[in-house]
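Below is one structure, written out as structure tokens; comments come after it.
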Amino acid sequence: MRKMRRKGLASMAVQTSAPAAPAVGTTGATVDLGPASGLSCRECGEVFALGPIFACELCFGPLEVAYELPVGDPEELRKRIEAGPANIWRYAPLLPVPADVAEKPNLNPGWTPLVQADNLARELGVAPGKLFVKDDSGNPTHSFKDRVVAQAIEAARAFGFTTLSCSSTGNLAGAVGAAAARAGFRSCVFIPHDLEQGKVVMAGVYGGDLVAIEGNYDDVNRFCSELIGDPLGEGWGFVNVNLRPYYGEGSKTLAYEICEQLGWVIPDQLVIPIASGSQLTKIDKGLQELVKLGLVEDKPYKIFGAQAEGCSPVSTAFKAGHDVVRPQKPNTIAKSLAIGNPADGPYVLDIARRTGGAVEDVNDEQVVDAIKLLARTEGIFAETAGGVTVGVTRKLVEAGVINPNLTTVVLNTGDGLKTLDAVADSSQATATIRPSLDAFRDAGLAH
């Protein structure tokens, strides 16, 4: 259970380390992933050459990308970023991608709105101008997963894979299907059999193979791990397994965008949903990198993790003061967060404690209330994961844990059109009337 884990080690990945030998793809060509210099073990610090591996050969710890990041005048780097495209490739100098990435067939996600949510702030008792919603529902397949898949597909190209795959709670399956279609890859994605119908349709419409597995996400993930080690999986890039180190880097772009959109300032508080926990850990990594590059001023910030009560292994461990995250069997409407054995759970605990944040959960009724609250106040229709982050924000503000006078950014990671069942019963027509003014008056709507 990661007994070797060193608290605060996440920041190590910002250090520059050269691999022992240049990485070579399956075609024999040298791999070009821009400033990426190797893969560093988050547990023991051992460095490996770039390749489709995700676990340390020495201690089995998770691997993440290490860089030779740009050095020089931060102001010049800021100007270079600001002159870039209105998508994640404006940050190409900080990502494991080739310099010409913007010219390749890709969905080009990112640069989504950071909404100043003053109406929601009034409802929650937060000071005016201090609450923001990072609304990632505007990505090509309407979730933040487009960011991580865009990164993974560049690694898949570099390593010569021909099929893109994943284990998914829904959003990732759609993102992989769409990105593969654009880039000319075959796709075959795996989902639990009981996903929301909207996500099933969106994952299947792109023409790739969509396979439903009898079981929950953790069962799906175990199956994919077996497939990777079998000849049947030869030539397959599993974006969140053997390409996971590169995939995870896409979440850093949320940190980059938030700080740039705030005027190159780190927010005081961030509320981030937890599924595997990778998004939260990579946002923290992105903030640390911006500080090291001199792009933002170093300052304290707090990170708060948000889970649904029906699948809250990290929240449970945090409240109990534990370092070990015990798996749970998911039972929640927030299916996109329903990962009972989150891979990055222990690192989430480290970050929450290191930054002075917390990990909290809300029940399904609170999730639905929060979805409707965000829609009513800001015109943003969030999927259930967004209901979780808004619900946890409200809960932590009321408890005095989140400071209402500090700048707070809440993440909405997906579109509510994907999870209509969550609010369908309580979001019906106000009235059904005959097409006449008298009927309109009689219905009590003329006010």
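Naming scheme: A, B, ... for chains in displayed order of the structure tokens; residues 1 onward per chain; ligands 1 onward as shown.
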- Item | Leu114 in chain A surroundings by only C-alpha atoms, 10 Å radius, close-in-sequence under 2 positions cut, as a ChimeraX atom specification | /A:111-112,116-117,132-136,257-258,261-262,409-411
Create the file for the chosen residues now, containing C-alpha atoms and written as a tab-separated table (two decimals), in the first residue's frame.
```tsv
chain	number	residue	atom	x	y	z
A	111	TRP	CA	-8.73	27.51	-23.15
A	112	THR	CA	-12.20	27.04	-21.66
A	116	GLN	CA	-16.63	34.90	-12.40
A	117	ALA	CA	-19.55	33.41	-10.49
A	132	PHE	CA	-14.82	31.44	-10.16
A	133	VAL	CA	-15.97	28.35	-12.03
A	134	LYS	CA	-13.51	26.79	-14.46
A	135	ASP	CA	-16.04	25.41	-16.92
A	136	ASP	CA	-14.44	22.61	-18.90
A	257	GLU	CA	-5.04	28.28	-17.81
A	258	ILE	CA	-6.53	29.21	-14.46
A	261	GLN	CA	-6.81	33.77	-16.85
A	262	LEU	CA	-6.42	35.28	-13.38
A	409	VAL	CA	-11.81	28.34	-8.21
A	410	VAL	CA	-14.30	25.48	-8.49
A	411	LEU	CA	-13.91	22.98	-11.34
```
- Message: I need the residues in range 87-227 of chain A that are strand (DSSP E or B) according to DSSP; give them as number ranges by chain.
- Response: A: 114-116, 131-135, 143, 163-167, 186-192, 209-213
Any chance you could export the current selection's N, CA, C and O atoms as a JSON list (two decimals), in the first residue's frame?
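The resulting file, selection15.json, is shown below:
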```
[["chain", "number", "residue", "atom", "x", "y", "z"],
["A", 114, "LEU", "N", -13.13, 30.75, -17.67],
["A", 114, "LEU", "CA", -13.07, 30.89, -16.22],
["A", 114, "LEU", "C", -14.13, 31.93, -15.87],
["A", 114, "LEU", "O", -13.95, 33.12, -16.10],
["A", 115, "VAL", "N", -15.24, 31.45, -15.35],
["A", 115, "VAL", "CA", -16.43, 32.29, -15.15],
["A", 115, "VAL", "C", -16.41, 32.92, -13.76],
["A", 115, "VAL", "O", -16.32, 32.20, -12.75],
["A", 116, "GLN", "N", -16.49, 34.24, -13.69],
["A", 116, "GLN", "CA", -16.63, 34.90, -12.40],
["A", 116, "GLN", "C", -18.06, 34.70, -11.94],
["A", 116, "GLN", "O", -19.00, 35.25, -12.50],
["A", 131, "LEU", "N", -15.24, 34.26, -6.34],
["A", 131, "LEU", "CA", -15.57, 32.88, -6.71],
["A", 131, "LEU", "C", -15.59, 32.74, -8.23],
["A", 131, "LEU", "O", -16.22, 33.53, -8.94],
["A", 132, "PHE", "N", -14.90, 31.71, -8.73],
["A", 132, "PHE", "CA", -14.82, 31.44, -10.16],
["A", 132, "PHE", "C", -15.12, 29.97, -10.42],
["A", 132, "PHE", "O", -14.80, 29.10, -9.61],
["A", 133, "VAL", "N", -15.74, 29.72, -11.57],
["A", 133, "VAL", "CA", -15.97, 28.35, -12.03],
["A", 133, "VAL", "C", -15.15, 28.13, -13.29],
["A", 133, "VAL", "O", -15.33, 28.85, -14.28],
["A", 134, "LYS", "N", -14.23, 27.19, -13.26],
["A", 134, "LYS", "CA", -13.51, 26.79, -14.46],
["A", 134, "LYS", "C", -14.39, 25.77, -15.17],
["A", 134, "LYS", "O", -14.52, 24.63, -14.74],
["A", 135, "ASP", "N", -15.02, 26.22, -16.26],
["A", 135, "ASP", "CA", -16.04, 25.41, -16.92],
["A", 135, "ASP", "C", -15.45, 24.66, -18.10],
["A", 135, "ASP", "O", -15.36, 25.17, -19.21],
["A", 143, "SER", "N", -15.97, 17.45, -21.92],
["A", 143, "SER", "CA", -15.40, 17.15, -20.62],
["A", 143, "SER", "C", -13.90, 17.43, -20.65],
["A", 143, "SER", "O", -13.30, 17.54, -21.72],
["A", 163, "THR", "N", -3.70, 1.44, -32.25],
["A", 163, "THR", "CA", -5.03, 1.41, -31.63],
["A", 163, "THR", "C", -4.99, 2.20, -30.32],
["A", 163, "THR", "O", -4.07, 2.02, -29.52],
["A", 164, "LEU", "N", -5.99, 3.05, -30.12],
["A", 164, "LEU", "CA", -6.14, 3.77, -28.86],
["A", 164, "LEU", "C", -7.22, 3.08, -28.04],
["A", 164, "LEU", "O", -8.29, 2.73, -28.56],
["A", 165, "SER", "N", -6.97, 2.94, -26.74],
["A", 165, "SER", "CA", -7.92, 2.27, -25.87],
["A", 165, "SER", "C", -7.91, 2.92, -24.50],
["A", 165, "SER", "O", -7.08, 3.78, -24.20],
["A", 166, "CYS", "N", -8.87, 2.50, -23.66],
["A", 166, "CYS", "CA", -8.93, 3.01, -22.29],
["A", 166, "CYS", "C", -9.94, 2.20, -21.51],
["A", 166, "CYS", "O", -10.81, 1.53, -22.06],
["A", 167, "SER", "N", -9.81, 2.27, -20.20],
["A", 167, "SER", "CA", -10.89, 1.90, -19.29],
["A", 167, "SER", "C", -11.52, 3.21, -18.85],
["A", 167, "SER", "O", -10.82, 4.19, -18.60],
["A", 186, "ARG", "N", -7.39, 3.51, -34.92],
["A", 186, "ARG", "CA", -8.50, 2.65, -34.51],
["A", 186, "ARG", "C", -8.71, 2.87, -33.02],
["A", 186, "ARG", "O", -7.76, 3.16, -32.29],
["A", 187, "SER", "N", -9.95, 2.75, -32.55],
["A", 187, "SER", "CA", -10.20, 2.85, -31.11],
["A", 187, "SER", "C", -11.03, 1.67, -30.64],
["A", 187, "SER", "O", -11.89, 1.16, -31.36],
["A", 188, "CYS", "N", -10.74, 1.23, -29.44],
["A", 188, "CYS", "CA", -11.51, 0.19, -28.76],
["A", 188, "CYS", "C", -11.50, 0.54, -27.28],
["A", 188, "CYS", "O", -10.44, 0.51, -26.64],
["A", 189, "VAL", "N", -12.66, 0.92, -26.74],
["A", 189, "VAL", "CA", -12.72, 1.43, -25.38],
["A", 189, "VAL", "C", -13.63, 0.55, -24.53],
["A", 189, "VAL", "O", -14.56, -0.09, -25.05],
["A", 190, "PHE", "N", -13.38, 0.53, -23.23],
["A", 190, "PHE", "CA", -14.05, -0.37, -22.31],
["A", 190, "PHE", "C", -14.72, 0.43, -21.19],
["A", 190, "PHE", "O", -14.10, 1.30, -20.59],
["A", 191, "ILE", "N", -15.99, 0.10, -20.92],
["A", 191, "ILE", "CA", -16.78, 0.84, -19.93],
["A", 191, "ILE", "C", -17.54, -0.14, -19.03],
["A", 191, "ILE", "O", -17.79, -1.28, -19.43],
["A", 192, "PRO", "N", -17.95, 0.29, -17.83],
["A", 192, "PRO", "CA", -18.87, -0.53, -17.05],
["A", 192, "PRO", "C", -20.21, -0.64, -17.78],
["A", 192, "PRO", "O", -20.61, 0.25, -18.52],
["A", 209, "ASP", "N", -14.79, 0.66, -31.58],
["A", 209, "ASP", "CA", -15.40, -0.43, -30.81],
["A", 209, "ASP", "C", -15.64, 0.02, -29.38],
["A", 209, "ASP", "O", -14.74, 0.56, -28.73],
["A", 210, "LEU", "N", -16.84, -0.20, -28.89],
["A", 210, "LEU", "CA", -17.22, 0.13, -27.52],
["A", 210, "LEU", "C", -17.64, -1.15, -26.83],
["A", 210, "LEU", "O", -18.60, -1.80, -27.25],
["A", 211, "VAL", "N", -16.91, -1.52, -25.77],
["A", 211, "VAL", "CA", -17.15, -2.80, -25.10],
["A", 211, "VAL", "C", -17.59, -2.54, -23.67],
["A", 211, "VAL", "O", -16.87, -1.90, -22.89],
["A", 212, "ALA", "N", -18.78, -3.04, -23.32],
["A", 212, "ALA", "CA", -19.29, -2.92, -21.95],
["A", 212, "ALA", "C", -18.88, -4.15, -21.16],
["A", 212, "ALA", "O", -19.08, -5.29, -21.61],
["A", 213, "ILE", "N", -18.30, -3.93, -20.00],
["A", 213, "ILE", "CA", -17.84, -5.02, -19.13],
["A", 213, "ILE", "C", -18.81, -5.16, -17.96],
["A", 213, "ILE", "O", -19.21, -4.17, -17.34]]
```
- Query: To one decimal place, how far is CA of Asp364 in chain A from CA of Cys311 in chain A in Å?
  - Reply: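 Computing it gives 10.5 Å between the two atoms.
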- Query: Do you know which residues are at most 7 Å from range 93-108 of chain A counting only C-alpha atoms, after dropping those on the same chain fewer than 2 positions away, and could you put them as an MDAnalysis selection string?
  - Reply: chainID A and resid 32:36 69 87:89 91 110 140 150 154 179 182:183 246
Could you save the residues just selected, with N, CA, C and O atoms, as a PDB file, in the first residue's frame?
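result_39.pdb, written as the output of this step:
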```pdb
ATOM      1  N   ASP A  32      10.286  11.962 -30.193  1.00  0.00           N
ATOM      2  CA  ASP A  32      10.347  13.402 -29.958  1.00  0.00           C
ATOM      3  C   ASP A  32       9.123  13.823 -29.161  1.00  0.00           C
ATOM      4  O   ASP A  32       8.017  13.885 -29.689  1.00  0.00           O
ATOM      5  N   LEU A  33       9.325  14.051 -27.876  1.00  0.00           N
ATOM      6  CA  LEU A  33       8.249  14.552 -27.025  1.00  0.00           C
ATOM      7  C   LEU A  33       8.677  15.870 -26.370  1.00  0.00           C
ATOM      8  O   LEU A  33       8.477  16.094 -25.168  1.00  0.00           O
ATOM      9  N   GLY A  34       9.258  16.741 -27.182  1.00  0.00           N
ATOM     10  CA  GLY A  34       9.587  18.089 -26.749  1.00  0.00           C
ATOM     11  C   GLY A  34      10.494  18.131 -25.544  1.00  0.00           C
ATOM     12  O   GLY A  34      11.556  17.487 -25.526  1.00  0.00           O
ATOM     13  N   PRO A  35      10.089  18.864 -24.498  1.00  0.00           N
ATOM     14  CA  PRO A  35      10.953  19.029 -23.326  1.00  0.00           C
ATOM     15  C   PRO A  35      10.994  17.828 -22.396  1.00  0.00           C
ATOM     16  O   PRO A  35      11.748  17.828 -21.425  1.00  0.00           O
ATOM     17  N   ALA A  36      10.186  16.790 -22.675  1.00  0.00           N
ATOM     18  CA  ALA A  36      10.202  15.599 -21.824  1.00  0.00           C
ATOM     19  C   ALA A  36      11.547  14.907 -21.937  1.00  0.00           C
ATOM     20  O   ALA A  36      12.022  14.617 -23.040  1.00  0.00           O
ATOM     21  N   LEU A  69      12.853  21.790 -18.680  1.00  0.00           N
ATOM     22  CA  LEU A  69      11.948  22.910 -18.919  1.00  0.00           C
ATOM     23  C   LEU A  69      12.709  24.151 -19.370  1.00  0.00           C
ATOM     24  O   LEU A  69      13.905  24.302 -19.089  1.00  0.00           O
ATOM     25  N   ASN A  87      -5.780  27.149 -27.249  1.00  0.00           N
ATOM     26  CA  ASN A  87      -6.012  25.784 -26.789  1.00  0.00           C
ATOM     27  C   ASN A  87      -4.796  25.359 -25.970  1.00  0.00           C
ATOM     28  O   ASN A  87      -3.911  26.185 -25.708  1.00  0.00           O
ATOM     29  N   ILE A  88      -4.735  24.114 -25.585  1.00  0.00           N
ATOM     30  CA  ILE A  88      -3.656  23.699 -24.685  1.00  0.00           C
ATOM     31  C   ILE A  88      -2.281  23.774 -25.329  1.00  0.00           C
ATOM     32  O   ILE A  88      -1.271  23.786 -24.612  1.00  0.00           O
ATOM     33  N   TRP A  89      -2.223  23.859 -26.656  1.00  0.00           N
ATOM     34  CA  TRP A  89      -0.907  23.873 -27.300  1.00  0.00           C
ATOM     35  C   TRP A  89      -0.192  25.213 -27.139  1.00  0.00           C
ATOM     36  O   TRP A  89       0.992  25.318 -27.505  1.00  0.00           O
ATOM     37  N   TYR A  91       0.747  25.990 -24.416  1.00  0.00           N
ATOM     38  CA  TYR A  91       1.691  25.569 -23.369  1.00  0.00           C
ATOM     39  C   TYR A  91       2.610  24.443 -23.845  1.00  0.00           C
ATOM     40  O   TYR A  91       3.218  23.760 -23.014  1.00  0.00           O
ATOM     41  N   GLY A 110      -9.111  22.803 -24.722  1.00  0.00           N
ATOM     42  CA  GLY A 110      -8.575  23.772 -23.777  1.00  0.00           C
ATOM     43  C   GLY A 110      -8.996  25.195 -24.022  1.00  0.00           C
ATOM     44  O   GLY A 110      -9.796  25.506 -24.905  1.00  0.00           O
ATOM     45  N   PRO A 140     -14.148  19.782 -26.777  1.00  0.00           N
ATOM     46  CA  PRO A 140     -14.789  19.145 -27.944  1.00  0.00           C
ATOM     47  C   PRO A 140     -15.787  18.039 -27.631  1.00  0.00           C
ATOM     48  O   PRO A 140     -16.833  17.955 -28.275  1.00  0.00           O
ATOM     49  N   ALA A 150      -5.600  14.312 -25.577  1.00  0.00           N
ATOM     50  CA  ALA A 150      -4.758  15.027 -26.537  1.00  0.00           C
ATOM     51  C   ALA A 150      -3.282  14.781 -26.247  1.00  0.00           C
ATOM     52  O   ALA A 150      -2.463  14.629 -27.171  1.00  0.00           O
ATOM     53  N   GLU A 154      -0.451  12.055 -28.609  1.00  0.00           N
ATOM     54  CA  GLU A 154       0.876  12.422 -29.108  1.00  0.00           C
ATOM     55  C   GLU A 154       1.915  11.384 -28.703  1.00  0.00           C
ATOM     56  O   GLU A 154       2.826  11.069 -29.478  1.00  0.00           O
ATOM     57  N   ALA A 179     -10.981  11.586 -30.475  1.00  0.00           N
ATOM     58  CA  ALA A 179      -9.598  11.913 -30.827  1.00  0.00           C
ATOM     59  C   ALA A 179      -9.030  10.896 -31.805  1.00  0.00           C
ATOM     60  O   ALA A 179      -8.295  11.253 -32.741  1.00  0.00           O
ATOM     61  N   ARG A 182     -10.386  11.621 -35.316  1.00  0.00           N
ATOM     62  CA  ARG A 182      -9.733  12.774 -35.930  1.00  0.00           C
ATOM     63  C   ARG A 182      -8.318  12.428 -36.398  1.00  0.00           C
ATOM     64  O   ARG A 182      -7.880  12.857 -37.467  1.00  0.00           O
ATOM     65  N   ALA A 183      -7.604  11.649 -35.595  1.00  0.00           N
ATOM     66  CA  ALA A 183      -6.189  11.386 -35.864  1.00  0.00           C
ATOM     67  C   ALA A 183      -5.952  10.159 -36.741  1.00  0.00           C
ATOM     68  O   ALA A 183      -4.808   9.882 -37.111  1.00  0.00           O
ATOM     69  N   TYR A 246       1.959  10.262 -19.632  1.00  0.00           N
ATOM     70  CA  TYR A 246       1.787  11.356 -20.594  1.00  0.00           C
ATOM     71  C   TYR A 246       0.358  11.892 -20.522  1.00  0.00           C
ATOM     72  O   TYR A 246       0.136  13.109 -20.533  1.00  0.00           O
TER      73      TYR A 246
END
```
- Message: Can you pull out every residue from range 158-346 of chain A that DSSP, working from the backbone, puts in alpha helix (DSSP H), and format the result as a ChimeraX atom specification?
- Response: /A:158-159,171-183,197-204,217-228,244-248,252-261,278-292,313-320,345-346
- Nearest to Pro113 in chain A, chosen from A:Asn139, A:Ser276, A:Ser312, A:Gln269, with only C-alpha atoms counted in the distances: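 For Pro113 in chain A, the nearest of the candidates is A:Asn139.
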Please report as a tab-separated table every residue of range 269-294 of chain A lying within 9 Å of range 382-394 of chain A, along with the nearest atom pair and their distance in Å (one decimal), using only C-alpha atoms.
```
residue	atom	partner	partner_atom	distance
A:Val271	CA	A:Thr389	CA	6.3
A:Ile272	CA	A:Thr389	CA	6.4
A:Pro273	CA	A:Thr389	CA	5.8
A:Ile274	CA	A:Ala385	CA	8.7
```
Same residues, C-alpha atoms, saved as a PDB file, in the first residue's frame:
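Generated output (again.pdb):
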```
ATOM      1  CA  VAL A 271     -11.967  22.691  -5.336  1.00  0.00           C
ATOM      2  CA  ILE A 272     -11.246  19.685  -7.565  1.00  0.00           C
ATOM      3  CA  PRO A 273     -13.238  16.456  -8.089  1.00  0.00           C
ATOM      4  CA  ILE A 274     -11.574  13.141  -7.294  1.00  0.00           C
TER       5      ILE A 274
END
```
- Find the spatial neighbours of range 198-201 of chain A, counting only C-alpha atoms, within a cut-off of 9 Å - ignore same-chain residues fewer than 5 positions away - and output them as a ChimeraX atom specification. /A:169-171,173-174,191,210,417-420
- Message: What's the separation between CA of Ile266 in chain A and CA of Gly84 in chain A, in Å to one decimal place?
- Response: 20.7 Å
- Could you check how far CA of Leu172 in chain A sits from CA of Lys145 in chain A, in Å to one decimal?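 So the two atoms, CA of Leu172 in chain A and CA of Lys145 in chain A, lie 5.5 Å apart.
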- Find the residues around Leu120 in chain A up to 8 Å (only C-alpha atoms counted), leave out those fewer than 5 positions away in its own chain, and share them as a count of residues only. 5
Residues at most 8 Å from range 241-245 of chain A, counting only C-alpha atoms, excluding those fewer than 3 positions away in the same chain, as a JSON list (two decimals) with N, CA and C atoms, in the first residue's frame?
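Once everything was written out, this is out.json:
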```
[["chain", "number", "residue", "atom", "x", "y", "z"],
["A", 39, "LEU", "N", 11.16, 9.46, -17.66],
["A", 39, "LEU", "CA", 10.08, 9.14, -16.72],
["A", 39, "LEU", "C", 10.69, 8.95, -15.35],
["A", 52, "PRO", "N", 6.36, 3.50, -23.33],
["A", 52, "PRO", "CA", 5.00, 3.17, -22.89],
["A", 52, "PRO", "C", 5.01, 2.32, -21.63],
["A", 53, "ILE", "N", 5.55, 2.87, -20.56],
["A", 53, "ILE", "CA", 5.60, 2.19, -19.26],
["A", 53, "ILE", "C", 5.00, 3.12, -18.22],
["A", 54, "PHE", "N", 4.49, 2.54, -17.15],
["A", 54, "PHE", "CA", 3.80, 3.36, -16.15],
["A", 54, "PHE", "C", 4.16, 3.02, -14.72],
["A", 63, "LEU", "N", 5.05, 6.18, -12.44],
["A", 63, "LEU", "CA", 5.98, 7.03, -13.17],
["A", 63, "LEU", "C", 5.28, 8.28, -13.67],
["A", 64, "GLU", "N", 6.04, 9.38, -13.71],
["A", 64, "GLU", "CA", 5.52, 10.59, -14.33],
["A", 64, "GLU", "C", 6.63, 11.27, -15.11],
["A", 65, "VAL", "N", 6.24, 12.17, -15.99],
["A", 65, "VAL", "CA", 7.18, 12.78, -16.92],
["A", 65, "VAL", "C", 8.10, 13.76, -16.19],
["A", 152, "ALA", "N", -2.09, 12.07, -24.56],
["A", 152, "ALA", "CA", -1.81, 10.65, -24.76],
["A", 152, "ALA", "C", -1.66, 10.29, -26.23],
["A", 155, "ALA", "N", 1.79, 10.84, -27.49],
["A", 155, "ALA", "CA", 2.69, 9.77, -27.07],
["A", 155, "ALA", "C", 2.43, 8.51, -27.90],
["A", 156, "ALA", "N", 1.16, 8.23, -28.19],
["A", 156, "ALA", "CA", 0.83, 7.05, -29.01],
["A", 156, "ALA", "C", 1.45, 7.17, -30.39],
["A", 166, "CYS", "N", -8.87, 2.50, -23.66],
["A", 166, "CYS", "CA", -8.93, 3.01, -22.29],
["A", 166, "CYS", "C", -9.94, 2.20, -21.51],
["A", 225, "SER", "N", -5.70, -4.07, -17.75],
["A", 225, "SER", "CA", -4.32, -4.38, -17.34],
["A", 225, "SER", "C", -3.91, -5.76, -17.82],
["A", 228, "ILE", "N", -3.22, -5.61, -21.68],
["A", 228, "ILE", "CA", -1.92, -5.01, -22.03],
["A", 228, "ILE", "C", -0.82, -6.07, -22.04],
["A", 237, "GLY", "N", -2.32, 1.43, -27.45],
["A", 237, "GLY", "CA", -1.97, 2.44, -26.46],
["A", 237, "GLY", "C", -3.16, 2.69, -25.56],
["A", 238, "PHE", "N", -3.07, 2.21, -24.32],
["A", 238, "PHE", "CA", -4.13, 2.45, -23.34],
["A", 238, "PHE", "C", -3.83, 3.79, -22.66],
["A", 248, "GLY", "N", -1.66, 11.96, -17.99],
["A", 248, "GLY", "CA", -1.88, 12.77, -16.80],
["A", 248, "GLY", "C", -1.42, 14.21, -16.95],
["A", 249, "GLU", "N", -0.42, 14.43, -17.81],
["A", 249, "GLU", "CA", 0.11, 15.78, -17.97],
["A", 249, "GLU", "C", -0.92, 16.74, -18.57]]
```
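Using only C-alpha atoms, the shortest contact distance between Glu309 in chain A and any of A:Asp350, A:Asp344, A:Glu360, A:Glu75 is found at A:Glu360.
Minimum distance to Val220 in chain A across A:Ser168, A:Ser436, A:Gln151, A:Asn341 (counting only C-alpha atoms) occurs at A:Ser168.
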- Selection near Val348 in chain A, 8 Å with only C-alpha atoms, sequence-local residues under 6 positions removed, as a PyMOL selection string: chain A and resi 277+280-281+305+314
